[in-house]
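Colleague: So here's model36.pdb (PDB, C-alpha atoms).
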```pdb
ATOM      1  CA  MET A   1       0.000   0.000   0.000  1.00  0.00           C
ATOM      2  CA  ALA A   2       2.854   2.368   0.826  1.00  0.00           C
ATOM      3  CA  LEU A   3       4.381   1.953  -2.649  1.00  0.00           C
ATOM      4  CA  LEU A   4       1.034   2.629  -4.322  1.00  0.00           C
ATOM      5  CA  ALA A   5       0.421   5.691  -2.140  1.00  0.00           C
ATOM      6  CA  ALA A   6       3.935   7.001  -2.844  1.00  0.00           C
ATOM      7  CA  ALA A   7       3.414   6.424  -6.574  1.00  0.00           C
ATOM      8  CA  LEU A   8       0.127   8.341  -6.560  1.00  0.00           C
ATOM      9  CA  LEU A   9       1.509  11.218  -4.468  1.00  0.00           C
ATOM     10  CA  LEU A  10       4.587  11.578  -6.652  1.00  0.00           C
ATOM     11  CA  PHE A  11       2.562  11.345  -9.874  1.00  0.00           C
ATOM     12  CA  VAL A  12       0.096  14.042  -8.787  1.00  0.00           C
ATOM     13  CA  ALA A  13       2.959  16.224  -7.503  1.00  0.00           C
ATOM     14  CA  GLN A  14       4.775  15.891 -10.827  1.00  0.00           C
ATOM     15  CA  LEU A  15       1.698  16.592 -12.935  1.00  0.00           C
ATOM     16  CA  SER A  16       0.850  19.720 -10.946  1.00  0.00           C
ATOM     17  CA  PHE A  17       4.463  20.933 -10.693  1.00  0.00           C
ATOM     18  CA  ASP A  18       4.935  24.660 -11.077  1.00  0.00           C
ATOM     19  CA  ARG A  19       8.491  25.989 -10.925  1.00  0.00           C
ATOM     20  CA  GLY A  20       7.085  29.097  -9.268  1.00  0.00           C
ATOM     21  CA  ASP A  21       6.532  27.028  -6.106  1.00  0.00           C
ATOM     22  CA  ILE A  22      10.299  26.629  -5.604  1.00  0.00           C
ATOM     23  CA  ALA A  23      11.916  29.676  -4.000  1.00  0.00           C
ATOM     24  CA  THR A  24      15.383  28.854  -5.372  1.00  0.00           C
ATOM     25  CA  LEU A  25      13.998  28.962  -8.927  1.00  0.00           C
ATOM     26  CA  VAL A  26      11.632  31.945  -8.751  1.00  0.00           C
ATOM     27  CA  LEU A  27      11.473  34.805  -6.278  1.00  0.00           C
ATOM     28  CA  PRO A  28       9.017  35.359  -4.769  1.00  0.00           C
ATOM     29  CA  ALA A  29       7.657  31.830  -4.650  1.00  0.00           C
ATOM     30  CA  ASN A  30       3.948  31.154  -5.036  1.00  0.00           C
ATOM     31  CA  LYS A  31       2.039  31.552  -1.770  1.00  0.00           C
ATOM     32  CA  PRO A  32       0.177  29.221  -1.428  1.00  0.00           C
ATOM     33  CA  ALA A  33       1.886  26.631  -3.588  1.00  0.00           C
ATOM     34  CA  HIS A  34       0.108  25.778  -6.844  1.00  0.00           C
ATOM     35  CA  ASN A  35       1.083  22.114  -6.495  1.00  0.00           C
ATOM     36  CA  LEU A  36      -1.887  19.926  -5.576  1.00  0.00           C
ATOM     37  CA  ILE A  37       0.213  18.163  -2.908  1.00  0.00           C
ATOM     38  CA  GLY A  38       1.365  21.488  -1.485  1.00  0.00           C
ATOM     39  CA  TRP A  39       4.823  22.761  -0.627  1.00  0.00           C
ATOM     40  CA  LEU A  40       6.186  19.287   0.132  1.00  0.00           C
ATOM     41  CA  GLY A  41       4.814  17.898  -3.127  1.00  0.00           C
ATOM     42  CA  ALA A  42       6.402  20.714  -5.115  1.00  0.00           C
ATOM     43  CA  HIS A  43       9.810  20.060  -3.568  1.00  0.00           C
ATOM     44  CA  PHE A  44       9.469  16.286  -3.833  1.00  0.00           C
ATOM     45  CA  ALA A  45       8.600  16.578  -7.550  1.00  0.00           C
ATOM     46  CA  TRP A  46      11.438  19.041  -8.118  1.00  0.00           C
ATOM     47  CA  LEU A  47      13.953  16.724  -6.436  1.00  0.00           C
ATOM     48  CA  SER A  48      12.805  13.849  -8.638  1.00  0.00           C
ATOM     49  CA  PHE A  49      13.212  16.075 -11.712  1.00  0.00           C
ATOM     50  CA  GLN A  50      16.649  17.194 -10.489  1.00  0.00           C
ATOM     51  CA  ALA A  51      17.774  13.581 -10.166  1.00  0.00           C
ATOM     52  CA  PHE A  52      16.134  12.004 -13.223  1.00  0.00           C
ATOM     53  CA  GLY A  53      14.983  14.841 -15.475  1.00  0.00           C
ATOM     54  CA  VAL A  54      12.008  14.004 -17.677  1.00  0.00           C
ATOM     55  CA  ALA A  55      12.551  10.299 -16.881  1.00  0.00           C
ATOM     56  CA  ALA A  56      11.242  11.068 -13.371  1.00  0.00           C
ATOM     57  CA  TYR A  57       7.771  10.497 -14.791  1.00  0.00           C
ATOM     58  CA  ILE A  58       8.678   6.782 -14.956  1.00  0.00           C
ATOM     59  CA  VAL A  59       9.403   6.557 -11.217  1.00  0.00           C
ATOM     60  CA  PRO A  60       5.703   6.556 -10.152  1.00  0.00           C
ATOM     61  CA  LEU A  61       5.026   3.860 -12.751  1.00  0.00           C
ATOM     62  CA  LEU A  62       7.819   1.699 -11.351  1.00  0.00           C
ATOM     63  CA  LEU A  63       6.648   2.270  -7.775  1.00  0.00           C
ATOM     64  CA  ALA A  64       3.097   1.324  -8.758  1.00  0.00           C
ATOM     65  CA  ALA A  65       4.276  -1.808 -10.585  1.00  0.00           C
ATOM     66  CA  PHE A  66       6.181  -3.018  -7.534  1.00  0.00           C
ATOM     67  CA  GLY A  67       3.281  -2.060  -5.252  1.00  0.00           C
ATOM     68  CA  VAL A  68       0.799  -4.036  -7.348  1.00  0.00           C
ATOM     69  CA  ALA A  69       3.194  -6.985  -7.433  1.00  0.00           C
ATOM     70  CA  TYR A  70       3.421  -7.080  -3.647  1.00  0.00           C
ATOM     71  CA  LEU A  71      -0.228  -6.328  -2.900  1.00  0.00           C
ATOM     72  CA  PHE A  72      -2.152  -8.297  -5.510  1.00  0.00           C
ATOM     73  CA  ASN A  73       0.478 -10.760  -6.767  1.00  0.00           C
ATOM     74  CA  PHE A  74      -0.188  -9.358 -10.234  1.00  0.00           C
ATOM     75  CA  LEU A  75       3.198  -9.076 -11.931  1.00  0.00           C
ATOM     76  CA  GLY A  76       4.325 -11.574  -9.306  1.00  0.00           C
ATOM     77  CA  TYR A  77       7.731 -12.042 -10.921  1.00  0.00           C
ATOM     78  CA  LEU A  78       8.629  -8.547  -9.674  1.00  0.00           C
ATOM     79  CA  ARG A  79       8.052  -9.744  -6.115  1.00  0.00           C
ATOM     80  CA  GLU A  80       9.621 -13.184  -6.541  1.00  0.00           C
ATOM     81  CA  ARG A  81      12.782 -11.786  -8.102  1.00  0.00           C
ATOM     82  CA  SER A  82      12.786  -8.415  -6.396  1.00  0.00           C
ATOM     83  CA  LYS A  83      16.565  -7.887  -6.398  1.00  0.00           C
ATOM     84  CA  TRP A  84      16.843  -8.581 -10.112  1.00  0.00           C
ATOM     85  CA  SER A  85      13.716  -6.570 -10.863  1.00  0.00           C
ATOM     86  CA  LEU A  86      15.104  -3.579  -8.963  1.00  0.00           C
ATOM     87  CA  LEU A  87      18.376  -3.902 -10.866  1.00  0.00           C
ATOM     88  CA  TRP A  88      16.621  -3.942 -14.260  1.00  0.00           C
ATOM     89  CA  ALA A  89      14.315  -1.075 -13.282  1.00  0.00           C
ATOM     90  CA  SER A  90      17.338   0.961 -12.182  1.00  0.00           C
ATOM     91  CA  LEU A  91      19.134   0.126 -15.420  1.00  0.00           C
ATOM     92  CA  LEU A  92      16.111   1.326 -17.395  1.00  0.00           C
ATOM     93  CA  LEU A  93      15.989   4.567 -15.431  1.00  0.00           C
ATOM     94  CA  VAL A  94      19.728   5.233 -15.851  1.00  0.00           C
ATOM     95  CA  SER A  95      19.643   4.536 -19.579  1.00  0.00           C
ATOM     96  CA  LEU A  96      16.614   6.780 -20.130  1.00  0.00           C
ATOM     97  CA  THR A  97      18.247   9.653 -18.260  1.00  0.00           C
ATOM     98  CA  GLY A  98      21.364   9.239 -20.385  1.00  0.00           C
ATOM     99  CA  LEU A  99      19.341   9.265 -23.611  1.00  0.00           C
ATOM    100  CA  LEU A 100      17.474  12.359 -22.465  1.00  0.00           C
ATOM    101  CA  HIS A 101      20.739  14.105 -21.594  1.00  0.00           C
ATOM    102  CA  ILE A 102      22.112  13.423 -25.076  1.00  0.00           C
ATOM    103  CA  MET A 103      18.853  14.658 -26.616  1.00  0.00           C
ATOM    104  CA  TRP A 104      19.108  17.845 -24.523  1.00  0.00           C
ATOM    105  CA  ASP A 105      22.773  18.282 -25.459  1.00  0.00           C
ATOM    106  CA  SER A 106      21.802  18.008 -29.125  1.00  0.00           C
ATOM    107  CA  GLY A 107      18.992  20.545 -28.713  1.00  0.00           C
ATOM    108  CA  LEU A 108      16.180  18.069 -29.339  1.00  0.00           C
ATOM    109  CA  THR A 109      14.282  18.621 -26.081  1.00  0.00           C
ATOM    110  CA  GLY A 110      13.852  22.369 -26.360  1.00  0.00           C
ATOM    111  CA  ASN A 111      13.560  24.200 -23.045  1.00  0.00           C
ATOM    112  CA  ILE A 112      11.830  21.467 -21.075  1.00  0.00           C
ATOM    113  CA  HIS A 113      14.664  21.485 -18.552  1.00  0.00           C
ATOM    114  CA  VAL A 114      13.864  25.126 -17.735  1.00  0.00           C
ATOM    115  CA  ASN A 115      10.229  24.271 -16.974  1.00  0.00           C
ATOM    116  CA  LEU A 116      11.380  21.457 -14.671  1.00  0.00           C
ATOM    117  CA  GLY A 117      14.100  23.532 -13.034  1.00  0.00           C
ATOM    118  CA  THR A 118      16.870  21.087 -13.933  1.00  0.00           C
ATOM    119  CA  HIS A 119      20.317  21.285 -15.479  1.00  0.00           C
ATOM    120  CA  SER A 120      19.401  19.043 -18.434  1.00  0.00           C
ATOM    121  CA  ALA A 121      16.476  16.957 -19.661  1.00  0.00           C
ATOM    122  CA  GLY A 122      18.248  13.893 -18.245  1.00  0.00           C
ATOM    123  CA  GLY A 123      18.729  15.367 -14.794  1.00  0.00           C
ATOM    124  CA  ALA A 124      21.808  14.862 -12.673  1.00  0.00           C
ATOM    125  CA  LEU A 125      21.913  11.112 -13.286  1.00  0.00           C
ATOM    126  CA  GLY A 126      21.916  11.497 -17.067  1.00  0.00           C
ATOM    127  CA  TRP A 127      24.578  14.168 -16.886  1.00  0.00           C
ATOM    128  CA  LEU A 128      26.773  12.067 -14.572  1.00  0.00           C
ATOM    129  CA  THR A 129      26.560   8.844 -16.573  1.00  0.00           C
ATOM    130  CA  TYR A 130      27.324  10.595 -19.844  1.00  0.00           C
ATOM    131  CA  GLU A 131      29.898  13.169 -18.750  1.00  0.00           C
ATOM    132  CA  TYR A 132      31.811  10.766 -16.481  1.00  0.00           C
ATOM    133  CA  GLY A 133      31.609   7.610 -18.547  1.00  0.00           C
ATOM    134  CA  LEU A 134      29.962   7.246 -21.913  1.00  0.00           C
ATOM    135  CA  TRP A 135      31.260  10.494 -23.467  1.00  0.00           C
ATOM    136  CA  MET A 136      34.266   8.420 -24.578  1.00  0.00           C
ATOM    137  CA  LEU A 137      32.028   6.584 -27.070  1.00  0.00           C
ATOM    138  CA  GLY A 138      30.809   9.791 -28.693  1.00  0.00           C
ATOM    139  CA  LYS A 139      27.139  10.645 -28.977  1.00  0.00           C
ATOM    140  CA  VAL A 140      26.280   7.903 -31.468  1.00  0.00           C
ATOM    141  CA  GLY A 141      28.066   5.216 -29.485  1.00  0.00           C
ATOM    142  CA  ALA A 142      26.498   6.407 -26.238  1.00  0.00           C
ATOM    143  CA  VAL A 143      23.022   6.363 -27.803  1.00  0.00           C
ATOM    144  CA  ILE A 144      23.602   2.778 -28.954  1.00  0.00           C
ATOM    145  CA  VAL A 145      24.726   1.711 -25.461  1.00  0.00           C
ATOM    146  CA  TYR A 146      21.909   3.593 -23.692  1.00  0.00           C
ATOM    147  CA  ALA A 147      19.293   2.195 -26.108  1.00  0.00           C
ATOM    148  CA  THR A 148      20.612  -1.336 -25.614  1.00  0.00           C
ATOM    149  CA  LEU A 149      20.493  -0.917 -21.838  1.00  0.00           C
ATOM    150  CA  SER A 150      16.931   0.418 -22.111  1.00  0.00           C
ATOM    151  CA  VAL A 151      15.825  -2.643 -24.066  1.00  0.00           C
ATOM    152  CA  ILE A 152      17.552  -4.927 -21.556  1.00  0.00           C
ATOM    153  CA  GLY A 153      15.877  -3.086 -18.690  1.00  0.00           C
ATOM    154  CA  VAL A 154      12.442  -3.496 -20.263  1.00  0.00           C
ATOM    155  CA  LEU A 155      12.953  -7.168 -21.096  1.00  0.00           C
TER     156      LEU A 155
END
```
Could you write out this structure as structure tokens?

Modeller:
Amino acid sequence: MALLAAALLLFVAQLSFDRGDIATLVLPANKPAHNLIGWLGAHFAWLSFQAFGVAAYIVPLLLAAFGVAYLFNFLGYLRERSKWSLLWASLLLVSLTGLLHIMWDSGLTGNIHVNLGTHSAGGALGWLTYEYGLWMLGKVGAVIVYATLSVIGVL
């Protein structure tokens, strides 16, 4: 139940995110917060965007999938092989953030990172994995590796 509640709270907070609710992004900040979950929801959504960029929208889906697996035994393989499932879900999230960072670096995502209040469309994780690892492959090589890891994470 806790995973499902966290998934719903995060999803609603992300959908109703307004960068004007965050005082470090806009002064003066909205009073009261425009976020449907309030001040805490605005900051929680912003932190998820900071970490994962646009890929943060996948986090509630992953939380809900694991919550359903534990509560209803639907998608039971997620519960039975929870360590492996967490590994593959993390791999999917990392690869998506890397792809989004490369898309942002190439100018394909527009100004979405400004609306989310992040450094890039891939967030800090996408920036870290590309700038401190896969940059050596070049953009095309990194896209191939990230796409392969995404497919592996989904499978």

Colleague: What is the atom CA of A:Ile102 to atom CA of A:Ser85 distance in Å?

Modeller: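 So the two atoms, atom CA of A:Ile102 and atom CA of A:Ser85, lie 25.9 Å apart.
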
Colleague: With distances taken over all atoms listed in the file, which of A:Leu125, A:Ile112, A:Val143, A:Ala89 is nearest to A:Ile58?

Modeller: A:Ala89

Colleague: Using all atoms listed in the file, which residues sit within 10 Å of A:Leu4 once same-chain residues fewer than 4 positions away are excluded, as an MDAnalysis selection string?

Modeller: chainID A and resid 8:10 60:68 71

Colleague: Evaluating the PyMOL selection byres ((chain A and resi 128) around 12) on the displayed file yields which residues, as a CSV table (one decimal) with C-alpha atoms, in the frame of the given file?

Modeller:
```csv
chain,number,residue,atom,x,y,z
A,51,ALA,CA,17.8,13.6,-10.2
A,52,PHE,CA,16.1,12.0,-13.2
A,94,VAL,CA,19.7,5.2,-15.9
A,95,SER,CA,19.6,4.5,-19.6
A,97,THR,CA,18.2,9.7,-18.3
A,98,GLY,CA,21.4,9.2,-20.4
A,101,HIS,CA,20.7,14.1,-21.6
A,102,ILE,CA,22.1,13.4,-25.1
A,119,HIS,CA,20.3,21.3,-15.5
A,120,SER,CA,19.4,19.0,-18.4
A,122,GLY,CA,18.2,13.9,-18.2
A,123,GLY,CA,18.7,15.4,-14.8
A,124,ALA,CA,21.8,14.9,-12.7
A,125,LEU,CA,21.9,11.1,-13.3
A,126,GLY,CA,21.9,11.5,-17.1
A,127,TRP,CA,24.6,14.2,-16.9
A,129,THR,CA,26.6,8.8,-16.6
A,130,TYR,CA,27.3,10.6,-19.8
A,131,GLU,CA,29.9,13.2,-18.8
A,132,TYR,CA,31.8,10.8,-16.5
A,133,GLY,CA,31.6,7.6,-18.5
A,134,LEU,CA,30.0,7.2,-21.9
A,135,TRP,CA,31.3,10.5,-23.5
```

Colleague: If we count only C-alpha atoms and set the cut-off at 8 Å, which residues sit around A:Arg19, ignoring sequence neighbours fewer than 6 positions away in its own chain? Please answer as number ranges by chain.

Modeller: A: 25-26, 115-117

Colleague: For A:Phe44, find every residue with an atom within 10 Å (counting only C-alpha atoms), except residues of its own chain fewer than 4 positions away, and show them as a PDB file with C-alpha atoms, in the coordinates of the input.

Modeller:
```pdb
ATOM      1  CA  LEU A   9       1.509  11.218  -4.468  1.00  0.00           C
ATOM      2  CA  LEU A  10       4.587  11.578  -6.652  1.00  0.00           C
ATOM      3  CA  ALA A  13       2.959  16.224  -7.503  1.00  0.00           C
ATOM      4  CA  GLN A  14       4.775  15.891 -10.827  1.00  0.00           C
ATOM      5  CA  PHE A  17       4.463  20.933 -10.693  1.00  0.00           C
ATOM      6  CA  ILE A  37       0.213  18.163  -2.908  1.00  0.00           C
ATOM      7  CA  GLY A  38       1.365  21.488  -1.485  1.00  0.00           C
ATOM      8  CA  TRP A  39       4.823  22.761  -0.627  1.00  0.00           C
ATOM      9  CA  LEU A  40       6.186  19.287   0.132  1.00  0.00           C
ATOM     10  CA  SER A  48      12.805  13.849  -8.638  1.00  0.00           C
ATOM     11  CA  PHE A  49      13.212  16.075 -11.712  1.00  0.00           C
ATOM     12  CA  GLN A  50      16.649  17.194 -10.489  1.00  0.00           C
TER      13      GLN A  50
END
```

Colleague: For the interface of stretch 111-144 of chain A with stretch 148-155 of chain A (cut-off 12 Å, counting all atoms listed in the file), please tabulate each contacting residue of stretch 111-144 of chain A alongside its nearest pair of atoms and their separation in Å to one decimal, rows sorted by chain and increasing number, as JSON lines.

Modeller:
```
{"residue": "A:Gly141", "atom": "CA", "partner": "A:Thr148", "partner_atom": "CA", "distance": 10.7}
{"residue": "A:Ala142", "atom": "CA", "partner": "A:Thr148", "partner_atom": "CA", "distance": 9.7}
{"residue": "A:Val143", "atom": "CA", "partner": "A:Thr148", "partner_atom": "CA", "distance": 8.4}
{"residue": "A:Ile144", "atom": "CA", "partner": "A:Thr148", "partner_atom": "CA", "distance": 6.1}
```

Colleague: Can you write out the residues you just picked, keeping C-alpha atoms, as a PDB file, in the coordinates of the input?

Modeller:
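The new file part00.pdb reads:
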```
ATOM      1  CA  GLY A 141      28.066   5.216 -29.485  1.00  0.00           C
ATOM      2  CA  ALA A 142      26.498   6.407 -26.238  1.00  0.00           C
ATOM      3  CA  VAL A 143      23.022   6.363 -27.803  1.00  0.00           C
ATOM      4  CA  ILE A 144      23.602   2.778 -28.954  1.00  0.00           C
TER       5      ILE A 144
END
```

Colleague: Take atom CA of A:Leu15 and atom CA of A:Tyr146 and report the distance between them in Å, one decimal.

Modeller: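 Computing it gives 26.3 Å between the two atoms.
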
Colleague: Considering all atoms listed in the file, can you say which of A:Ala29, A:Ala45, A:Ala69, A:Leu96 comes closest to A:Val12?

Modeller: A:Ala45

Colleague: What does the distance between atom CA of A:Ile22 and atom CA of A:Val114 come to in Å, to one decimal place?

Modeller: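 Interatomic distance here is 12.7 Å.
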